[in-house]
Amino acid sequence: MNLRMVVGLTVLLMATQAHAFSTADVTLNGSDATAVSGQISTNGTKGGLVDPSDFSAAFGGDAFTLLGQAGKGTASFSNDDPLSGILFDVSGSWTGISGTWALAWSGNDTPVTADFVVLLKAGNSYVAYFFDDVTLAAGGGSMTAETTWQIGFLNNGGNPANLSDMQLYVGDVTALPPVRDLPPSSEVPEPAAMLLFGTGLLGLSGLIRRKS
C-alpha cells in the first residue's frame with residue numbers, strides 16, 4: 001500500500017469519525033438523547049413526512065404522533081389539537097448543520113412523562129434521536145437551556161448534510177402518580193423534658209413514703 005493511499009484512507013477515516021452521529025448530536029435541556037437510530041434513506045423528497053413506524057421499532061415499538069416539522073424559512077410549529085390534553089410549541093434556529101431549539105407545553109393539570117423523537121432530515125437520509133420519559137411539569141413550562149441539534153451524518157458526496165427539515169414526534173404520555181403526604185411523625189420528647197418528668201416522679205414517690 002503506497003503512502004498516498006494510506007494518507008487518503010486516514011483522511012477518510014478521520015472525516016467519518018468526525019461526522020459519525022451519536023446521542024450527543026441532539027440535546028434537550030442539556031441532556032443527550034437516550035438512543036439514536038441508524039441512518040435511514042428516504043426518497044429524497046424535501047419536507048416529506050416520515051412514517052413513525054419506520055423508526056419506532058428502534059425505540060421499543062411505541063406509537064408516536066407527529067407534533068410538527070420545521071425547515072428552511074420556518075422557525076416554529078405547534079400541534080393544533082391537544083395530545084392527552086397537552087399543547088406543544090417548538091421554536092428554534094434552523095441553520096445548515098446545527099442550531100438550537102426549544103420545547104414548550106401547556107394544558108396538563110398534573111405532571112406527566114412523555115417520550116420524544118427528534119428527526120433530522122437532510123438530503124435523502126434522516127437520523128432519529130429518542131428521549132425517554134421526559135418529565136413535563138403540571139401547568140406548562142419550557143425547555144430551552146442547551147437544547148441543541150447537530151447533523152452528524154454525511155450526504156452522498158461524503159460532506160456534512162444540510163438540514164432540509166426537523167420533525168418532532170411524541171409518544172407514551174403518562175400521568176405521574178400523585179405525591180402522597182407523609183404521615184405525621186411522632187414527636188420525640190426532648191431530653192430535658194424527660195429529665196424533668198423523671199425528677200417529678202421521684203419527688204412524688206418520696207412524698208408518698210413520708211405519708212405512709
# chains A, B, ... in the order shown; residues from 1 in each chain; ligands from 1
>>> select_by_dssp(residues="range 50-187 of chain A", states="helix (DSSP H, G or I)", output="VMD selection string")
chain A and resid 53 to 59
>>> residues_around(residues="Val170 in chain A", least_positions_apart="5", cutoff="6 Å", atoms="only C-alpha atoms", output="list in words")
Phe64, Thr65, Asp115 and Phe116 of chain A
>>> residues_around(residues="Leu49 in chain A", least_positions_apart="3", cutoff="12 Å", atoms="only C-alpha atoms", output="ChimeraX atom specification")
/A:42-46,52-54,65-71,119-121,126,164-169
>>> write_last_selection(atoms="N, CA and C atoms", output="compact mmCIF listing (two decimals), in the first residue's frame")
# COMPACT_ATOMS: atom_id res chain seq x y z
N THR A 42 -34.31 7.79 2.44
CA THR A 42 -35.67 8.08 2.01
C THR A 42 -35.64 8.28 0.50
N ASN A 43 -36.77 8.75 -0.02
CA ASN A 43 -36.83 9.01 -1.46
C ASN A 43 -36.21 10.36 -1.82
N GLY A 44 -35.71 11.07 -0.82
CA GLY A 44 -35.05 12.34 -1.09
C GLY A 44 -35.98 13.52 -1.22
N THR A 45 -37.28 13.34 -1.02
CA THR A 45 -38.23 14.44 -1.12
C THR A 45 -38.08 15.38 0.06
N LYS A 46 -37.73 16.62 -0.21
CA LYS A 46 -37.57 17.59 0.87
C LYS A 46 -38.92 17.93 1.49
N PRO A 52 -43.83 7.14 11.25
CA PRO A 52 -43.23 6.82 12.56
C PRO A 52 -42.90 5.34 12.73
N SER A 53 -43.63 4.48 12.02
CA SER A 53 -43.34 3.05 12.17
C SER A 53 -41.96 2.69 11.62
N ASP A 54 -41.39 3.57 10.79
CA ASP A 54 -40.07 3.31 10.23
C ASP A 54 -38.98 3.37 11.30
N THR A 65 -46.72 10.15 17.57
CA THR A 65 -47.57 11.08 16.83
C THR A 65 -46.75 12.31 16.45
N LEU A 66 -46.88 12.75 15.21
CA LEU A 66 -46.16 13.93 14.75
C LEU A 66 -46.70 15.18 15.41
N LEU A 67 -45.81 15.99 15.99
CA LEU A 67 -46.20 17.29 16.54
C LEU A 67 -46.04 18.39 15.50
N GLY A 68 -45.09 18.24 14.62
CA GLY A 68 -44.88 19.24 13.58
C GLY A 68 -43.50 19.15 13.00
N GLN A 69 -43.24 19.98 12.02
CA GLN A 69 -41.94 19.99 11.37
C GLN A 69 -41.53 21.43 11.07
N ALA A 70 -40.25 21.63 10.94
CA ALA A 70 -39.72 22.95 10.62
C ALA A 70 -38.50 22.77 9.73
N GLY A 71 -38.29 23.72 8.86
CA GLY A 71 -37.13 23.66 7.98
C GLY A 71 -36.74 25.05 7.56
N LEU A 119 -36.33 14.12 14.74
CA LEU A 119 -35.87 13.55 13.48
C LEU A 119 -35.20 14.65 12.66
N LEU A 120 -33.95 14.44 12.31
CA LEU A 120 -33.21 15.37 11.46
C LEU A 120 -33.11 14.77 10.07
N LYS A 121 -33.65 15.49 9.10
CA LYS A 121 -33.67 15.00 7.73
C LYS A 121 -32.80 15.90 6.87
N TYR A 126 -32.20 10.42 6.93
CA TYR A 126 -32.53 11.04 8.21
C TYR A 126 -32.00 10.15 9.33
N SER A 164 -32.76 19.69 5.82
CA SER A 164 -33.93 20.01 4.99
C SER A 164 -35.13 20.26 5.88
N ASP A 165 -35.29 19.47 6.94
CA ASP A 165 -36.32 19.77 7.93
C ASP A 165 -36.10 18.95 9.20
N MET A 166 -36.61 19.49 10.29
CA MET A 166 -36.64 18.79 11.59
C MET A 166 -38.08 18.41 11.87
N GLN A 167 -38.29 17.20 12.37
CA GLN A 167 -39.62 16.75 12.75
C GLN A 167 -39.60 16.28 14.20
N LEU A 168 -40.67 16.55 14.92
CA LEU A 168 -40.76 16.17 16.33
C LEU A 168 -41.98 15.28 16.54
N TYR A 169 -41.76 14.15 17.21
CA TYR A 169 -42.82 13.18 17.49
C TYR A 169 -42.91 12.96 19.00
>>> select_by_dssp(residues="range 60-95 of chain A", states="strand (DSSP E)", output="VMD selection string")
chain A and resid 65 to 71 76 to 78 87 to 94
>>> atom_distance(atom1="CA of Val117 in chain A", atom2="CA of Gly139 in chain A")
22.5 Å
>>> closest_residue(among="A:Ile97, A:Leu103, A:Val134, A:Leu28", to="Asn155 in chain A", atoms="only C-alpha atoms")
A:Ile97
>>> closest_residue(among="A:Met143, A:Val118, A:Ala137, A:Val36", to="Ala104 in chain A", atoms="only C-alpha atoms")
A:Met143
>>> decode(residues="range 96-112 of chain A", atoms="all heavy atoms", output="PDB file, in the first residue's frame")
ATOM      1  N   GLY A  96     -27.634  25.456   8.716  1.00  0.00           N
ATOM      2  CA  GLY A  96     -27.198  24.377   7.853  1.00  0.00           C
ATOM      3  C   GLY A  96     -27.122  23.036   8.542  1.00  0.00           C
ATOM      4  O   GLY A  96     -27.963  22.159   8.344  1.00  0.00           O
ATOM      5  N   ILE A  97     -26.106  22.845   9.389  1.00  0.00           N
ATOM      6  CA  ILE A  97     -25.925  21.532  10.017  1.00  0.00           C
ATOM      7  C   ILE A  97     -26.076  21.578  11.539  1.00  0.00           C
ATOM      8  O   ILE A  97     -25.901  20.563  12.202  1.00  0.00           O
ATOM      9  CB  ILE A  97     -24.551  20.942   9.670  1.00  0.00           C
ATOM     10  CG1 ILE A  97     -23.420  21.829  10.198  1.00  0.00           C
ATOM     11  CG2 ILE A  97     -24.417  20.737   8.168  1.00  0.00           C
ATOM     12  CD1 ILE A  97     -22.048  21.207  10.054  1.00  0.00           C
ATOM     13  N   SER A  98     -26.398  22.738  12.105  1.00  0.00           N
ATOM     14  CA  SER A  98     -26.560  22.805  13.561  1.00  0.00           C
ATOM     15  C   SER A  98     -27.476  23.966  13.919  1.00  0.00           C
ATOM     16  O   SER A  98     -27.753  24.843  13.097  1.00  0.00           O
ATOM     17  CB  SER A  98     -25.205  22.974  14.264  1.00  0.00           C
ATOM     18  OG  SER A  98     -24.611  24.206  13.901  1.00  0.00           O
ATOM     19  N   GLY A  99     -27.948  23.962  15.158  1.00  0.00           N
ATOM     20  CA  GLY A  99     -28.817  25.041  15.614  1.00  0.00           C
ATOM     21  C   GLY A  99     -29.324  24.773  17.013  1.00  0.00           C
ATOM     22  O   GLY A  99     -28.841  23.884  17.716  1.00  0.00           O
ATOM     23  N   THR A 100     -30.292  25.552  17.437  1.00  0.00           N
ATOM     24  CA  THR A 100     -30.903  25.394  18.756  1.00  0.00           C
ATOM     25  C   THR A 100     -32.408  25.224  18.577  1.00  0.00           C
ATOM     26  O   THR A 100     -32.979  25.595  17.553  1.00  0.00           O
ATOM     27  CB  THR A 100     -30.633  26.604  19.652  1.00  0.00           C
ATOM     28  OG1 THR A 100     -31.191  27.791  19.037  1.00  0.00           O
ATOM     29  CG2 THR A 100     -29.133  26.810  19.863  1.00  0.00           C
ATOM     30  N   TRP A 101     -33.038  24.655  19.591  1.00  0.00           N
ATOM     31  CA  TRP A 101     -34.489  24.524  19.567  1.00  0.00           C
ATOM     32  C   TRP A 101     -35.009  24.586  20.991  1.00  0.00           C
ATOM     33  O   TRP A 101     -34.257  24.412  21.954  1.00  0.00           O
ATOM     34  CB  TRP A 101     -34.914  23.233  18.874  1.00  0.00           C
ATOM     35  CG  TRP A 101     -34.524  21.949  19.554  1.00  0.00           C
ATOM     36  CD1 TRP A 101     -33.257  21.460  19.732  1.00  0.00           C
ATOM     37  CD2 TRP A 101     -35.401  20.992  20.150  1.00  0.00           C
ATOM     38  NE1 TRP A 101     -33.289  20.260  20.398  1.00  0.00           N
ATOM     39  CE2 TRP A 101     -34.587  19.944  20.656  1.00  0.00           C
ATOM     40  CE3 TRP A 101     -36.784  20.905  20.292  1.00  0.00           C
ATOM     41  CZ2 TRP A 101     -35.128  18.835  21.309  1.00  0.00           C
ATOM     42  CZ3 TRP A 101     -37.319  19.794  20.929  1.00  0.00           C
ATOM     43  CH2 TRP A 101     -36.497  18.776  21.420  1.00  0.00           C
ATOM     44  N   ALA A 102     -36.282  24.887  21.147  1.00  0.00           N
ATOM     45  CA  ALA A 102     -36.910  24.984  22.465  1.00  0.00           C
ATOM     46  C   ALA A 102     -38.256  24.279  22.422  1.00  0.00           C
ATOM     47  O   ALA A 102     -38.985  24.371  21.435  1.00  0.00           O
ATOM     48  CB  ALA A 102     -37.096  26.446  22.866  1.00  0.00           C
ATOM     49  N   LEU A 103     -38.564  23.576  23.490  1.00  0.00           N
ATOM     50  CA  LEU A 103     -39.835  22.848  23.614  1.00  0.00           C
ATOM     51  C   LEU A 103     -40.650  23.466  24.739  1.00  0.00           C
ATOM     52  O   LEU A 103     -40.160  23.616  25.860  1.00  0.00           O
ATOM     53  CB  LEU A 103     -39.565  21.372  23.905  1.00  0.00           C
ATOM     54  CG  LEU A 103     -40.784  20.503  24.243  1.00  0.00           C
ATOM     55  CD1 LEU A 103     -41.700  20.383  23.029  1.00  0.00           C
ATOM     56  CD2 LEU A 103     -40.354  19.122  24.723  1.00  0.00           C
ATOM     57  N   ALA A 104     -41.882  23.843  24.445  1.00  0.00           N
ATOM     58  CA  ALA A 104     -42.791  24.385  25.460  1.00  0.00           C
ATOM     59  C   ALA A 104     -44.094  23.591  25.434  1.00  0.00           C
ATOM     60  O   ALA A 104     -44.467  23.021  24.400  1.00  0.00           O
ATOM     61  CB  ALA A 104     -43.067  25.857  25.199  1.00  0.00           C
ATOM     62  N   TRP A 105     -44.758  23.543  26.579  1.00  0.00           N
ATOM     63  CA  TRP A 105     -46.018  22.794  26.667  1.00  0.00           C
ATOM     64  C   TRP A 105     -46.964  23.502  27.624  1.00  0.00           C
ATOM     65  O   TRP A 105     -46.546  24.294  28.476  1.00  0.00           O
ATOM     66  CB  TRP A 105     -45.764  21.357  27.137  1.00  0.00           C
ATOM     67  CG  TRP A 105     -45.293  21.257  28.563  1.00  0.00           C
ATOM     68  CD1 TRP A 105     -46.049  21.049  29.688  1.00  0.00           C
ATOM     69  CD2 TRP A 105     -43.936  21.416  29.019  1.00  0.00           C
ATOM     70  NE1 TRP A 105     -45.256  21.048  30.809  1.00  0.00           N
ATOM     71  CE2 TRP A 105     -43.953  21.273  30.429  1.00  0.00           C
ATOM     72  CE3 TRP A 105     -42.717  21.668  28.388  1.00  0.00           C
ATOM     73  CZ2 TRP A 105     -42.794  21.378  31.209  1.00  0.00           C
ATOM     74  CZ3 TRP A 105     -41.570  21.766  29.173  1.00  0.00           C
ATOM     75  CH2 TRP A 105     -41.625  21.620  30.550  1.00  0.00           C
ATOM     76  N   SER A 106     -48.252  23.201  27.509  1.00  0.00           N
ATOM     77  CA  SER A 106     -49.269  23.784  28.389  1.00  0.00           C
ATOM     78  C   SER A 106     -50.508  22.897  28.352  1.00  0.00           C
ATOM     79  O   SER A 106     -50.685  22.087  27.438  1.00  0.00           O
ATOM     80  CB  SER A 106     -49.626  25.211  27.936  1.00  0.00           C
ATOM     81  OG  SER A 106     -50.168  25.194  26.626  1.00  0.00           O
ATOM     82  N   GLY A 107     -51.355  23.080  29.371  1.00  0.00           N
ATOM     83  CA  GLY A 107     -52.642  22.393  29.385  1.00  0.00           C
ATOM     84  C   GLY A 107     -52.735  21.187  30.283  1.00  0.00           C
ATOM     85  O   GLY A 107     -53.836  20.695  30.533  1.00  0.00           O
ATOM     86  N   ASN A 108     -51.609  20.677  30.782  1.00  0.00           N
ATOM     87  CA  ASN A 108     -51.680  19.483  31.642  1.00  0.00           C
ATOM     88  C   ASN A 108     -51.872  19.894  33.096  1.00  0.00           C
ATOM     89  O   ASN A 108     -51.115  20.684  33.646  1.00  0.00           O
ATOM     90  CB  ASN A 108     -50.421  18.631  31.487  1.00  0.00           C
ATOM     91  CG  ASN A 108     -49.134  19.406  31.688  1.00  0.00           C
ATOM     92  OD1 ASN A 108     -48.982  20.511  31.174  1.00  0.00           O
ATOM     93  ND2 ASN A 108     -48.202  18.835  32.432  1.00  0.00           N
ATOM     94  N   ASP A 109     -52.903  19.331  33.727  1.00  0.00           N
ATOM     95  CA  ASP A 109     -53.196  19.654  35.127  1.00  0.00           C
ATOM     96  C   ASP A 109     -52.267  18.938  36.095  1.00  0.00           C
ATOM     97  O   ASP A 109     -52.101  19.361  37.236  1.00  0.00           O
ATOM     98  CB  ASP A 109     -54.651  19.290  35.459  1.00  0.00           C
ATOM     99  CG  ASP A 109     -55.648  20.119  34.665  1.00  0.00           C
ATOM    100  OD1 ASP A 109     -55.322  21.287  34.345  1.00  0.00           O
ATOM    101  OD2 ASP A 109     -56.739  19.607  34.354  1.00  0.00           O
ATOM    102  N   THR A 110     -51.703  17.833  35.656  1.00  0.00           N
ATOM    103  CA  THR A 110     -50.797  17.060  36.506  1.00  0.00           C
ATOM    104  C   THR A 110     -49.479  16.857  35.764  1.00  0.00           C
ATOM    105  O   THR A 110     -49.429  16.928  34.535  1.00  0.00           O
ATOM    106  CB  THR A 110     -51.401  15.675  36.842  1.00  0.00           C
ATOM    107  OG1 THR A 110     -51.603  14.952  35.620  1.00  0.00           O
ATOM    108  CG2 THR A 110     -52.726  15.830  37.584  1.00  0.00           C
ATOM    109  N   PRO A 111     -48.404  16.597  36.489  1.00  0.00           N
ATOM    110  CA  PRO A 111     -47.138  16.298  35.807  1.00  0.00           C
ATOM    111  C   PRO A 111     -47.230  14.992  35.042  1.00  0.00           C
ATOM    112  O   PRO A 111     -47.897  14.056  35.462  1.00  0.00           O
ATOM    113  CB  PRO A 111     -46.125  16.223  36.959  1.00  0.00           C
ATOM    114  CG  PRO A 111     -46.932  15.932  38.180  1.00  0.00           C
ATOM    115  CD  PRO A 111     -48.257  16.591  37.962  1.00  0.00           C
ATOM    116  N   VAL A 112     -46.576  14.942  33.894  1.00  0.00           N
ATOM    117  CA  VAL A 112     -46.590  13.747  33.060  1.00  0.00           C
ATOM    118  C   VAL A 112     -45.173  13.448  32.578  1.00  0.00           C
ATOM    119  O   VAL A 112     -44.281  14.289  32.661  1.00  0.00           O
ATOM    120  CB  VAL A 112     -47.522  13.918  31.832  1.00  0.00           C
ATOM    121  CG1 VAL A 112     -48.942  14.241  32.263  1.00  0.00           C
ATOM    122  CG2 VAL A 112     -46.986  14.989  30.890  1.00  0.00           C
TER     123      VAL A 112
END
